[in-house]
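Data block for input.cif (mmCIF, N, CA and C atoms):
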data_input
loop_
_atom_site.label_atom_id
_atom_site.label_comp_id
_atom_site.auth_asym_id
_atom_site.auth_seq_id
_atom_site.Cartn_x
_atom_site.Cartn_y
_atom_site.Cartn_z
N MET A 1 0.85 -1.17 0.00
CA MET A 1 0.00 0.00 0.00
C MET A 1 0.89 1.23 0.00
N GLY A 2 0.56 2.18 -0.84
CA GLY A 2 1.33 3.40 -0.89
C GLY A 2 0.45 4.62 -0.67
N LEU A 3 1.09 5.68 -0.29
CA LEU A 3 0.38 6.94 -0.11
C LEU A 3 1.00 7.94 -1.06
N ARG A 4 0.18 8.57 -1.86
CA ARG A 4 0.64 9.56 -2.82
C ARG A 4 0.06 10.91 -2.46
N ILE A 5 0.89 11.95 -2.63
CA ILE A 5 0.46 13.30 -2.29
C ILE A 5 0.77 14.25 -3.44
N PRO A 6 0.03 15.35 -3.55
CA PRO A 6 0.35 16.33 -4.58
C PRO A 6 1.56 17.16 -4.18
N ILE A 7 2.47 17.34 -5.13
CA ILE A 7 3.64 18.20 -4.90
C ILE A 7 3.87 19.03 -6.15
N LYS A 8 4.68 20.06 -5.99
CA LYS A 8 5.11 20.86 -7.13
C LYS A 8 6.61 20.68 -7.25
N LEU A 9 7.08 20.40 -8.48
CA LEU A 9 8.51 20.31 -8.77
C LEU A 9 8.91 21.59 -9.48
N ILE A 10 10.02 22.18 -9.04
CA ILE A 10 10.48 23.44 -9.60
C ILE A 10 11.94 23.29 -10.02
N LYS A 11 12.22 23.66 -11.25
CA LYS A 11 13.59 23.67 -11.77
C LYS A 11 13.71 24.90 -12.65
N GLY A 12 14.45 25.89 -12.17
CA GLY A 12 14.56 27.14 -12.92
C GLY A 12 13.20 27.79 -13.06
N ASN A 13 12.79 28.08 -14.29
CA ASN A 13 11.48 28.69 -14.51
C ASN A 13 10.40 27.65 -14.85
N LYS A 14 10.73 26.38 -14.76
CA LYS A 14 9.78 25.31 -15.01
C LYS A 14 9.14 24.85 -13.70
N GLN A 15 7.80 24.68 -13.71
CA GLN A 15 7.08 24.16 -12.56
C GLN A 15 6.11 23.10 -13.04
N LEU A 16 5.97 22.04 -12.25
CA LEU A 16 5.12 20.93 -12.65
C LEU A 16 4.42 20.36 -11.42
N GLN A 17 3.10 20.27 -11.47
CA GLN A 17 2.30 19.63 -10.42
C GLN A 17 2.24 18.14 -10.71
N VAL A 18 2.59 17.32 -9.72
CA VAL A 18 2.58 15.86 -9.89
C VAL A 18 2.11 15.20 -8.59
N GLU A 19 1.81 13.93 -8.67
CA GLU A 19 1.55 13.10 -7.49
C GLU A 19 2.87 12.39 -7.17
N ALA A 20 3.22 12.35 -5.88
CA ALA A 20 4.47 11.69 -5.47
C ALA A 20 4.16 10.59 -4.47
N LEU A 21 4.81 9.46 -4.65
CA LEU A 21 4.70 8.34 -3.72
C LEU A 21 5.62 8.61 -2.53
N LEU A 22 5.08 8.49 -1.32
CA LEU A 22 5.89 8.61 -0.11
C LEU A 22 6.41 7.21 0.21
N ASN A 23 7.71 7.02 0.09
CA ASN A 23 8.28 5.70 0.26
C ASN A 23 9.34 5.73 1.35
N THR A 24 8.93 5.36 2.58
CA THR A 24 9.88 5.36 3.70
C THR A 24 10.92 4.26 3.55
N GLY A 25 10.69 3.31 2.64
CA GLY A 25 11.68 2.26 2.38
C GLY A 25 12.76 2.71 1.41
N PHE A 26 12.59 3.88 0.81
CA PHE A 26 13.59 4.48 -0.09
C PHE A 26 14.52 5.27 0.82
N GLU A 27 15.44 4.54 1.46
CA GLU A 27 16.30 5.11 2.50
C GLU A 27 17.56 5.71 1.89
N THR A 28 17.80 6.97 2.21
CA THR A 28 18.94 7.69 1.65
C THR A 28 19.62 8.51 2.74
N MET A 29 20.84 8.89 2.48
CA MET A 29 21.60 9.72 3.43
C MET A 29 21.26 11.20 3.28
N GLU A 30 20.71 11.57 2.12
CA GLU A 30 20.35 12.96 1.84
C GLU A 30 19.03 12.94 1.06
N PRO A 31 18.35 14.09 0.96
CA PRO A 31 17.08 14.11 0.24
C PRO A 31 17.25 13.76 -1.24
N LEU A 32 16.60 12.69 -1.67
CA LEU A 32 16.60 12.26 -3.07
C LEU A 32 15.17 12.13 -3.55
N ILE A 33 14.98 12.45 -4.81
CA ILE A 33 13.68 12.25 -5.43
C ILE A 33 13.91 11.50 -6.73
N SER A 34 13.17 10.42 -6.91
CA SER A 34 13.26 9.64 -8.14
C SER A 34 12.19 10.16 -9.09
N ILE A 35 12.63 10.48 -10.31
CA ILE A 35 11.75 11.10 -11.30
C ILE A 35 11.77 10.27 -12.58
N PRO A 36 10.60 9.96 -13.13
CA PRO A 36 10.57 9.25 -14.42
C PRO A 36 11.19 10.12 -15.53
N ILE A 37 11.67 9.49 -16.54
CA ILE A 37 12.35 10.20 -17.64
C ILE A 37 11.44 11.23 -18.29
N THR A 38 10.14 10.95 -18.41
CA THR A 38 9.23 11.90 -19.05
C THR A 38 9.13 13.20 -18.26
N ILE A 39 9.09 13.11 -16.95
CA ILE A 39 9.04 14.31 -16.10
C ILE A 39 10.39 15.01 -16.11
N ALA A 40 11.47 14.23 -16.10
CA ALA A 40 12.81 14.82 -16.18
C ALA A 40 12.95 15.64 -17.46
N GLU A 41 12.46 15.12 -18.56
CA GLU A 41 12.53 15.84 -19.83
C GLU A 41 11.75 17.15 -19.77
N THR A 42 10.56 17.11 -19.17
CA THR A 42 9.74 18.32 -19.03
C THR A 42 10.47 19.39 -18.23
N LEU A 43 11.20 18.97 -17.19
CA LEU A 43 11.94 19.90 -16.34
C LEU A 43 13.33 20.22 -16.89
N LYS A 44 13.65 19.66 -18.06
CA LYS A 44 14.95 19.87 -18.71
C LYS A 44 16.11 19.30 -17.89
N LEU A 45 15.85 18.21 -17.16
CA LEU A 45 16.90 17.49 -16.43
C LEU A 45 17.47 16.42 -17.36
N LYS A 46 18.76 16.26 -17.34
CA LYS A 46 19.41 15.27 -18.20
C LYS A 46 20.14 14.23 -17.35
N PRO A 47 20.05 12.95 -17.75
CA PRO A 47 20.79 11.92 -17.03
C PRO A 47 22.29 12.19 -17.09
N ARG A 48 22.93 12.05 -15.97
CA ARG A 48 24.38 12.27 -15.91
C ARG A 48 25.06 11.00 -15.43
N LYS A 49 25.73 11.09 -14.32
CA LYS A 49 26.49 9.97 -13.78
C LYS A 49 25.58 8.80 -13.38
N PRO A 50 25.90 7.58 -13.85
CA PRO A 50 25.09 6.42 -13.47
C PRO A 50 25.34 5.99 -12.02
N LEU A 51 24.28 5.48 -11.41
CA LEU A 51 24.34 4.96 -10.04
C LEU A 51 23.78 3.54 -10.06
N THR A 52 24.36 2.65 -9.28
CA THR A 52 23.80 1.32 -9.11
C THR A 52 23.27 1.23 -7.69
N PHE A 53 22.09 0.64 -7.54
CA PHE A 53 21.50 0.53 -6.21
C PHE A 53 20.93 -0.86 -6.00
N GLU A 54 20.72 -1.19 -4.74
CA GLU A 54 20.11 -2.45 -4.37
C GLU A 54 18.69 -2.19 -3.94
N GLY A 55 17.75 -2.92 -4.55
CA GLY A 55 16.34 -2.78 -4.22
C GLY A 55 15.86 -3.96 -3.40
N PRO A 56 14.55 -4.10 -3.28
CA PRO A 56 13.97 -5.22 -2.52
C PRO A 56 14.44 -6.57 -3.07
N GLY A 57 14.66 -7.50 -2.18
CA GLY A 57 15.08 -8.84 -2.59
C GLY A 57 16.47 -8.86 -3.21
N LEU A 58 17.31 -7.89 -2.84
CA LEU A 58 18.67 -7.76 -3.33
C LEU A 58 18.75 -7.60 -4.85
N THR A 59 17.66 -7.09 -5.45
CA THR A 59 17.70 -6.80 -6.88
C THR A 59 18.56 -5.56 -7.11
N ARG A 60 19.19 -5.51 -8.24
CA ARG A 60 20.03 -4.35 -8.57
C ARG A 60 19.34 -3.53 -9.65
N GLY A 61 19.51 -2.22 -9.55
CA GLY A 61 18.91 -1.33 -10.54
C GLY A 61 19.90 -0.25 -10.94
N THR A 62 19.50 0.51 -11.94
CA THR A 62 20.34 1.61 -12.40
C THR A 62 19.54 2.90 -12.36
N ALA A 63 20.18 3.93 -11.91
CA ALA A 63 19.60 5.27 -11.90
C ALA A 63 20.70 6.23 -12.36
N TYR A 64 20.29 7.44 -12.67
CA TYR A 64 21.25 8.45 -13.12
C TYR A 64 21.04 9.75 -12.36
N GLN A 65 22.12 10.32 -11.87
CA GLN A 65 22.04 11.63 -11.25
C GLN A 65 21.55 12.61 -12.30
N ALA A 66 20.70 13.55 -11.87
CA ALA A 66 20.12 14.48 -12.85
C ALA A 66 20.04 15.91 -12.32
N GLY A 67 20.86 16.25 -11.36
CA GLY A 67 20.85 17.62 -10.85
C GLY A 67 19.96 17.76 -9.63
N GLU A 68 19.50 18.98 -9.41
CA GLU A 68 18.73 19.29 -8.22
C GLU A 68 17.40 19.93 -8.60
N VAL A 69 16.36 19.63 -7.84
CA VAL A 69 15.05 20.25 -8.03
C VAL A 69 14.55 20.74 -6.67
N THR A 70 13.62 21.67 -6.72
CA THR A 70 12.95 22.11 -5.50
C THR A 70 11.60 21.40 -5.44
N ILE A 71 11.32 20.84 -4.28
CA ILE A 71 10.04 20.18 -4.03
C ILE A 71 9.22 21.12 -3.17
N GLU A 72 7.98 21.35 -3.56
CA GLU A 72 7.09 22.19 -2.76
C GLU A 72 5.86 21.37 -2.38
N VAL A 73 5.55 21.37 -1.09
CA VAL A 73 4.38 20.68 -0.56
C VAL A 73 3.56 21.71 0.18
N SER A 74 2.25 21.69 -0.04
CA SER A 74 1.41 22.63 0.69
C SER A 74 0.17 21.92 1.22
N GLN A 75 -0.28 22.42 2.35
CA GLN A 75 -1.49 21.89 2.97
C GLN A 75 -2.10 23.03 3.76
N GLN A 76 -3.32 23.38 3.44
CA GLN A 76 -4.00 24.53 4.02
C GLN A 76 -3.13 25.77 3.84
N ASP A 77 -2.70 26.41 4.91
CA ASP A 77 -1.90 27.64 4.79
C ASP A 77 -0.40 27.39 4.95
N THR A 78 0.01 26.14 5.00
CA THR A 78 1.42 25.81 5.20
C THR A 78 2.05 25.37 3.89
N ILE A 79 3.19 25.98 3.59
CA ILE A 79 3.96 25.59 2.39
C ILE A 79 5.37 25.24 2.84
N ARG A 80 5.87 24.11 2.38
CA ARG A 80 7.24 23.68 2.67
C ARG A 80 7.98 23.49 1.36
N ARG A 81 9.25 23.90 1.36
CA ARG A 81 10.10 23.72 0.19
C ARG A 81 11.39 23.02 0.61
N LEU A 82 11.90 22.22 -0.31
CA LEU A 82 13.14 21.50 -0.04
C LEU A 82 13.87 21.30 -1.35
N ASN A 83 15.17 21.57 -1.35
CA ASN A 83 16.00 21.24 -2.50
C ASN A 83 16.48 19.81 -2.33
N ALA A 84 16.29 19.01 -3.37
CA ALA A 84 16.66 17.60 -3.32
C ALA A 84 17.40 17.22 -4.59
N LYS A 85 18.27 16.25 -4.47
CA LYS A 85 18.95 15.71 -5.64
C LYS A 85 17.97 14.82 -6.39
N ALA A 86 17.89 15.04 -7.69
CA ALA A 86 17.01 14.25 -8.54
C ALA A 86 17.78 13.10 -9.15
N ILE A 87 17.13 11.95 -9.20
CA ILE A 87 17.68 10.81 -9.94
C ILE A 87 16.61 10.31 -10.90
N ILE A 88 17.07 9.84 -12.03
CA ILE A 88 16.19 9.22 -13.00
C ILE A 88 16.42 7.73 -12.88
N THR A 89 15.37 7.00 -12.48
CA THR A 89 15.47 5.56 -12.26
C THR A 89 14.87 4.83 -13.45
N ILE A 90 15.67 3.98 -14.06
CA ILE A 90 15.22 3.22 -15.23
C ILE A 90 14.03 2.34 -14.82
N GLY A 91 12.94 2.43 -15.56
CA GLY A 91 11.77 1.62 -15.31
C GLY A 91 10.78 2.22 -14.32
N GLU A 92 11.15 3.28 -13.62
CA GLU A 92 10.24 3.90 -12.66
C GLU A 92 9.24 4.77 -13.41
N GLU A 93 7.97 4.65 -13.06
CA GLU A 93 6.93 5.39 -13.78
C GLU A 93 6.28 6.47 -12.95
N GLU A 94 6.73 6.64 -11.70
CA GLU A 94 6.14 7.71 -10.89
C GLU A 94 7.21 8.41 -10.07
N VAL A 95 6.85 9.57 -9.57
CA VAL A 95 7.75 10.34 -8.72
C VAL A 95 7.73 9.70 -7.34
N VAL A 96 8.93 9.51 -6.76
CA VAL A 96 9.04 8.86 -5.46
C VAL A 96 9.94 9.70 -4.56
N LEU A 97 9.43 10.04 -3.37
CA LEU A 97 10.22 10.79 -2.39
C LEU A 97 10.92 9.83 -1.44
N SER A 98 12.19 10.10 -1.17
CA SER A 98 12.95 9.28 -0.22
C SER A 98 12.54 9.60 1.21
N ASP A 99 12.99 8.77 2.13
CA ASP A 99 12.69 8.99 3.54
C ASP A 99 13.22 10.34 4.03
N LYS A 100 14.37 10.76 3.52
CA LYS A 100 14.95 12.05 3.95
C LYS A 100 14.12 13.22 3.44
N CYS A 101 13.54 13.11 2.25
CA CYS A 101 12.64 14.16 1.75
C CYS A 101 11.41 14.25 2.65
N ILE A 102 10.83 13.10 2.95
CA ILE A 102 9.63 13.05 3.79
C ILE A 102 9.93 13.69 5.14
N GLU A 103 11.04 13.29 5.73
CA GLU A 103 11.44 13.80 7.05
C GLU A 103 11.68 15.31 7.02
N GLN A 104 12.49 15.77 6.07
CA GLN A 104 12.87 17.18 6.04
C GLN A 104 11.73 18.10 5.62
N LEU A 105 10.74 17.58 4.90
CA LEU A 105 9.55 18.37 4.58
C LEU A 105 8.57 18.40 5.74
N GLY A 106 8.80 17.56 6.75
CA GLY A 106 7.91 17.52 7.92
C GLY A 106 6.59 16.83 7.63
N ILE A 107 6.64 15.82 6.76
CA ILE A 107 5.42 15.09 6.40
C ILE A 107 5.24 13.93 7.38
N VAL A 108 4.04 13.84 7.94
CA VAL A 108 3.67 12.74 8.83
C VAL A 108 2.69 11.86 8.06
N ILE A 109 2.87 10.55 8.16
CA ILE A 109 2.08 9.60 7.37
C ILE A 109 1.26 8.70 8.29
N ASP A 110 -0.02 8.55 7.96
CA ASP A 110 -0.90 7.57 8.61
C ASP A 110 -1.35 6.62 7.51
N LEU A 111 -0.63 5.50 7.34
CA LEU A 111 -0.94 4.57 6.25
C LEU A 111 -2.30 3.90 6.44
N LYS A 112 -2.63 3.57 7.69
CA LYS A 112 -3.90 2.91 7.93
C LYS A 112 -5.06 3.82 7.53
N GLY A 113 -4.99 5.07 7.90
CA GLY A 113 -6.04 6.02 7.56
C GLY A 113 -5.85 6.67 6.20
N LYS A 114 -4.75 6.33 5.51
CA LYS A 114 -4.42 6.90 4.20
C LYS A 114 -4.47 8.42 4.25
N GLN A 115 -3.80 8.97 5.28
CA GLN A 115 -3.77 10.43 5.46
C GLN A 115 -2.35 10.88 5.65
N TRP A 116 -2.13 12.17 5.46
CA TRP A 116 -0.83 12.78 5.70
C TRP A 116 -1.08 14.21 6.16
N TRP A 117 -0.10 14.77 6.84
CA TRP A 117 -0.17 16.15 7.26
C TRP A 117 1.24 16.67 7.50
N LEU A 118 1.35 17.99 7.58
CA LEU A 118 2.64 18.63 7.83
C LEU A 118 2.74 18.98 9.30
N THR A 119 3.92 18.76 9.88
CA THR A 119 4.12 19.11 11.29
C THR A 119 4.41 20.58 11.41
#

Let me see the file written as structure tokens.
Amino acid sequence: MGLRIPIKLIKGNKQLQVEALLNTGFETMEPLISIPITIAETLKLKPRKPLTFEGPGLTRGTAYQAGEVTIEVSQQDTIRRLNAKAIITIGEEEVVLSDKCIEQLGIVIDLKGKQWWLT
């Protein structure tokens, strides 16, 4: 079960409203956001240095560093922004926020109730 929330991605003068999957299992040392190639192209992000990662069941995958984007989350009168490193993950079809993005944006998740809020 996943929880998806509306976010705005900002890169230079480009802005894009998307739904993002909150994935606490996407554990990173710094804020990372995985972006599908179609969204990366819209934001004019280009794949750069390749990265290899280990996924569930010790599967290996490939992603590419693609620069930095600003993530904006809003709820009622609260707006939070965070600069995060973007990666383009081969085969990924949706935007996915890492645990560090979730934490630093102050997002609290209630999976049972399928709700989220900002602290």

Shell around Leu45 of chain A at 6 Å using only C-alpha atoms, local window under 4 positions removed, as JSON, numbers by chain: {"A": [40, 41, 66]}

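Distance check against Arg4 of chain A using only C-alpha atoms: of A:Ile107, A:Val96, A:Ala20, A:Ile88, the minimum falls on A:Ala20.
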
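When atom CA of Ile90 of chain A is paired with atom CA of Leu105 of chain A, their separation reads 25.6 Å.
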
Here's the selection I'm unsure about, the PyMOL selection byres ((chain A and resi 25) around 8); applied to the file above, which residues does it give, as a JSON list (two decimals) with N, CA and C atoms, in the coordinates of the input?
[["chain", "number", "residue", "atom", "x", "y", "z"],
["A", 22, "LEU", "N", 5.08, 8.49, -1.32],
["A", 22, "LEU", "CA", 5.89, 8.61, -0.11],
["A", 22, "LEU", "C", 6.41, 7.21, 0.21],
["A", 23, "ASN", "N", 7.71, 7.02, 0.09],
["A", 23, "ASN", "CA", 8.28, 5.70, 0.26],
["A", 23, "ASN", "C", 9.34, 5.73, 1.35],
["A", 24, "THR", "N", 8.93, 5.36, 2.58],
["A", 24, "THR", "CA", 9.88, 5.36, 3.70],
["A", 24, "THR", "C", 10.92, 4.26, 3.55],
["A", 26, "PHE", "N", 12.59, 3.88, 0.81],
["A", 26, "PHE", "CA", 13.59, 4.48, -0.09],
["A", 26, "PHE", "C", 14.52, 5.27, 0.82],
["A", 27, "GLU", "N", 15.44, 4.54, 1.46],
["A", 27, "GLU", "CA", 16.30, 5.11, 2.50],
["A", 27, "GLU", "C", 17.56, 5.71, 1.89],
["A", 28, "THR", "N", 17.80, 6.97, 2.21],
["A", 28, "THR", "CA", 18.94, 7.69, 1.65],
["A", 28, "THR", "C", 19.62, 8.51, 2.74],
["A", 97, "LEU", "N", 9.43, 10.04, -3.37],
["A", 97, "LEU", "CA", 10.22, 10.79, -2.39],
["A", 97, "LEU", "C", 10.92, 9.83, -1.44],
["A", 98, "SER", "N", 12.19, 10.10, -1.17],
["A", 98, "SER", "CA", 12.95, 9.28, -0.22],
["A", 98, "SER", "C", 12.54, 9.60, 1.21],
["A", 99, "ASP", "N", 12.99, 8.77, 2.13],
["A", 99, "ASP", "CA", 12.69, 8.99, 3.54],
["A", 99, "ASP", "C", 13.22, 10.34, 4.03]]

Give me the result of the PyMOL selection byres ((chain A and resi 93) around 8) on this file, residue by residue, as a PyMOL selection string. chain A and resi 34-38+89-92+94-96

Could you tell me, as a compact mmCIF listing (two decimals) with N, CA and C atoms, in the frame of the given file, which residues have any atom at most 6 Å from (12.3, 18.7, -1.0), counting only N, CA and C atoms?
# COMPACT_ATOMS: atom_id res chain seq x y z
N THR A 70 13.62 21.67 -6.72
CA THR A 70 12.95 22.11 -5.50
C THR A 70 11.60 21.40 -5.44
N ILE A 71 11.32 20.84 -4.28
CA ILE A 71 10.04 20.18 -4.03
C ILE A 71 9.22 21.12 -3.17
N GLU A 72 7.98 21.35 -3.56
CA GLU A 72 7.09 22.19 -2.76
C GLU A 72 5.86 21.37 -2.38
N ARG A 81 9.25 23.90 1.36
CA ARG A 81 10.10 23.72 0.19
C ARG A 81 11.39 23.02 0.61
N LEU A 82 11.90 22.22 -0.31
CA LEU A 82 13.14 21.50 -0.04
C LEU A 82 13.87 21.30 -1.35
N ASN A 83 15.17 21.57 -1.35
CA ASN A 83 16.00 21.24 -2.50
C ASN A 83 16.48 19.81 -2.33
N ALA A 84 16.29 19.01 -3.37
CA ALA A 84 16.66 17.60 -3.32
C ALA A 84 17.40 17.22 -4.59
N CYS A 101 13.54 13.11 2.25
CA CYS A 101 12.64 14.16 1.75
C CYS A 101 11.41 14.25 2.65

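Here atom N of Asp77 of chain A is placed at a distance of 11.9 Å from atom CA of Thr119 of chain A.
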
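Applying the 7 Å criterion to (8.0, 16.8, -13.4) in file coordinates and using only N, CA and C atoms, one obtains the residues Leu9, Gln15, Leu16, Gln17, Val18, Thr38, Ile39, Ala40, Thr42 and Leu43 of chain A.
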
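Going from atom CA of Ser74 of chain A to atom CA of Leu3 of chain A covers 15.7 Å.
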
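Nearest to Ile109 of chain A of all the residues A:Pro47, A:Gly2, A:Pro31, A:Gly67 is A:Gly2, based on only C-alpha atoms.
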
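Minimum atom-to-atom distances from A:Ile79, A:Leu32, A:Lys8, A:Thr52 to Ile102 of chain A were compared using only C-alpha atoms, and the lowest value belongs to A:Leu32.
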
Quick check for you: according to DSSP on this backbone, which residues of chain A are classed as strand (DSSP E or B)? Reply as number ranges by chain. A: 3-11, 14-22, 32-35, 50-54, 60-75, 78-89, 95-97, 107-110, 115-118

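Considering only C-alpha atoms, the residue among A:Leu111, A:Ala86, A:Met29, A:Ile5 positioned nearest to Lys49 of chain A is A:Ala86.
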
Give me every helix (DSSP H, G or I) residue in chain A, going by DSSP on the backbone, as a short mmCIF file (atom, residue, chain, number, x, y, z; two decimals) with N, CA and C atoms, in the coordinates of the input.
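Heads up, here's the output in part.cif:
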data_model
loop_
_atom_site.label_atom_id
_atom_site.label_comp_id
_atom_site.auth_asym_id
_atom_site.auth_seq_id
_atom_site.Cartn_x
_atom_site.Cartn_y
_atom_site.Cartn_z
N ILE A 37 11.67 9.49 -16.54
CA ILE A 37 12.35 10.20 -17.64
C ILE A 37 11.44 11.23 -18.29
N THR A 38 10.14 10.95 -18.41
CA THR A 38 9.23 11.90 -19.05
C THR A 38 9.13 13.20 -18.26
N ILE A 39 9.09 13.11 -16.95
CA ILE A 39 9.04 14.31 -16.10
C ILE A 39 10.39 15.01 -16.11
N ALA A 40 11.47 14.23 -16.10
CA ALA A 40 12.81 14.82 -16.18
C ALA A 40 12.95 15.64 -17.46
N GLU A 41 12.46 15.12 -18.56
CA GLU A 41 12.53 15.84 -19.83
C GLU A 41 11.75 17.15 -19.77
N THR A 42 10.56 17.11 -19.17
CA THR A 42 9.74 18.32 -19.03
C THR A 42 10.47 19.39 -18.23
N PRO A 56 14.55 -4.10 -3.28
CA PRO A 56 13.97 -5.22 -2.52
C PRO A 56 14.44 -6.57 -3.07
N GLY A 57 14.66 -7.50 -2.18
CA GLY A 57 15.08 -8.84 -2.59
C GLY A 57 16.47 -8.86 -3.21
N LEU A 58 17.31 -7.89 -2.84
CA LEU A 58 18.67 -7.76 -3.33
C LEU A 58 18.75 -7.60 -4.85
N ASP A 99 12.99 8.77 2.13
CA ASP A 99 12.69 8.99 3.54
C ASP A 99 13.22 10.34 4.03
N LYS A 100 14.37 10.76 3.52
CA LYS A 100 14.95 12.05 3.95
C LYS A 100 14.12 13.22 3.44
N CYS A 101 13.54 13.11 2.25
CA CYS A 101 12.64 14.16 1.75
C CYS A 101 11.41 14.25 2.65
N ILE A 102 10.83 13.10 2.95
CA ILE A 102 9.63 13.05 3.79
C ILE A 102 9.93 13.69 5.14
N GLU A 103 11.04 13.29 5.73
CA GLU A 103 11.44 13.80 7.05
C GLU A 103 11.68 15.31 7.02
N GLN A 104 12.49 15.77 6.07
CA GLN A 104 12.87 17.18 6.04
C GLN A 104 11.73 18.10 5.62
N LEU A 105 10.74 17.58 4.90
CA LEU A 105 9.55 18.37 4.58
C LEU A 105 8.57 18.40 5.74
#

Find, counting only C-alpha atoms, the residue in A:Gln75, A:Ile87, A:Lys100, A:Glu30 that gets nearest to Leu51 of chain A. A:Ile87

Report as AutoDock Vina command-line options the centre and the edge lengths, in Å to one decimal, of the axis-aligned box holding every listed atom of segment 27-38 of chain A, padded by 6 Å on each side.
--center_x 15.4 --center_y 9.3 --center_z -7.8 --size_x 24.5 --size_y 21.6 --size_z 34.5

Reconstruct N, CA, C and O atoms of segment 91-105 of chain A; output as a PDB file, keeping the file's coordinate frame.
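And here is the file that came out, out_35.pdb:
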ATOM      1  N   GLY A  91      12.940   2.430 -15.560  1.00  0.00           N
ATOM      2  CA  GLY A  91      11.770   1.620 -15.310  1.00  0.00           C
ATOM      3  C   GLY A  91      10.780   2.220 -14.320  1.00  0.00           C
ATOM      4  O   GLY A  91       9.663   1.720 -14.202  1.00  0.00           O
ATOM      5  N   GLU A  92      11.150   3.280 -13.620  1.00  0.00           N
ATOM      6  CA  GLU A  92      10.240   3.900 -12.660  1.00  0.00           C
ATOM      7  C   GLU A  92       9.240   4.770 -13.410  1.00  0.00           C
ATOM      8  O   GLU A  92       9.634   5.550 -14.282  1.00  0.00           O
ATOM      9  N   GLU A  93       7.970   4.650 -13.060  1.00  0.00           N
ATOM     10  CA  GLU A  93       6.930   5.390 -13.780  1.00  0.00           C
ATOM     11  C   GLU A  93       6.280   6.470 -12.950  1.00  0.00           C
ATOM     12  O   GLU A  93       5.351   7.134 -13.423  1.00  0.00           O
ATOM     13  N   GLU A  94       6.730   6.640 -11.700  1.00  0.00           N
ATOM     14  CA  GLU A  94       6.140   7.710 -10.890  1.00  0.00           C
ATOM     15  C   GLU A  94       7.210   8.410 -10.070  1.00  0.00           C
ATOM     16  O   GLU A  94       8.310   7.912  -9.897  1.00  0.00           O
ATOM     17  N   VAL A  95       6.850   9.570  -9.570  1.00  0.00           N
ATOM     18  CA  VAL A  95       7.750  10.340  -8.720  1.00  0.00           C
ATOM     19  C   VAL A  95       7.730   9.700  -7.340  1.00  0.00           C
ATOM     20  O   VAL A  95       6.671   9.379  -6.803  1.00  0.00           O
ATOM     21  N   VAL A  96       8.930   9.510  -6.760  1.00  0.00           N
ATOM     22  CA  VAL A  96       9.040   8.860  -5.460  1.00  0.00           C
ATOM     23  C   VAL A  96       9.940   9.700  -4.560  1.00  0.00           C
ATOM     24  O   VAL A  96      11.068  10.042  -4.927  1.00  0.00           O
ATOM     25  N   LEU A  97       9.430  10.040  -3.370  1.00  0.00           N
ATOM     26  CA  LEU A  97      10.220  10.790  -2.390  1.00  0.00           C
ATOM     27  C   LEU A  97      10.920   9.830  -1.440  1.00  0.00           C
ATOM     28  O   LEU A  97      10.312   8.884  -0.943  1.00  0.00           O
ATOM     29  N   SER A  98      12.190  10.100  -1.170  1.00  0.00           N
ATOM     30  CA  SER A  98      12.950   9.280  -0.220  1.00  0.00           C
ATOM     31  C   SER A  98      12.540   9.600   1.210  1.00  0.00           C
ATOM     32  O   SER A  98      11.865  10.608   1.482  1.00  0.00           O
ATOM     33  N   ASP A  99      12.990   8.770   2.130  1.00  0.00           N
ATOM     34  CA  ASP A  99      12.690   8.990   3.540  1.00  0.00           C
ATOM     35  C   ASP A  99      13.220  10.340   4.030  1.00  0.00           C
ATOM     36  O   ASP A  99      12.576  11.012   4.832  1.00  0.00           O
ATOM     37  N   LYS A 100      14.370  10.760   3.520  1.00  0.00           N
ATOM     38  CA  LYS A 100      14.950  12.050   3.950  1.00  0.00           C
ATOM     39  C   LYS A 100      14.120  13.220   3.440  1.00  0.00           C
ATOM     40  O   LYS A 100      13.993  14.236   4.125  1.00  0.00           O
ATOM     41  N   CYS A 101      13.540  13.110   2.250  1.00  0.00           N
ATOM     42  CA  CYS A 101      12.640  14.160   1.750  1.00  0.00           C
ATOM     43  C   CYS A 101      11.410  14.250   2.650  1.00  0.00           C
ATOM     44  O   CYS A 101      11.007  15.346   3.058  1.00  0.00           O
ATOM     45  N   ILE A 102      10.830  13.100   2.950  1.00  0.00           N
ATOM     46  CA  ILE A 102       9.630  13.050   3.790  1.00  0.00           C
ATOM     47  C   ILE A 102       9.930  13.690   5.140  1.00  0.00           C
ATOM     48  O   ILE A 102       9.172  14.538   5.629  1.00  0.00           O
ATOM     49  N   GLU A 103      11.040  13.290   5.730  1.00  0.00           N
ATOM     50  CA  GLU A 103      11.440  13.800   7.050  1.00  0.00           C
ATOM     51  C   GLU A 103      11.680  15.310   7.020  1.00  0.00           C
ATOM     52  O   GLU A 103      11.157  16.050   7.841  1.00  0.00           O
ATOM     53  N   GLN A 104      12.490  15.770   6.070  1.00  0.00           N
ATOM     54  CA  GLN A 104      12.870  17.180   6.040  1.00  0.00           C
ATOM     55  C   GLN A 104      11.730  18.100   5.620  1.00  0.00           C
ATOM     56  O   GLN A 104      11.728  19.281   5.962  1.00  0.00           O
ATOM     57  N   LEU A 105      10.740  17.580   4.900  1.00  0.00           N
ATOM     58  CA  LEU A 105       9.550  18.370   4.580  1.00  0.00           C
ATOM     59  C   LEU A 105       8.570  18.400   5.740  1.00  0.00           C
ATOM     60  O   LEU A 105       7.620  19.161   5.721  1.00  0.00           O
TER      61      LEU A 105
END
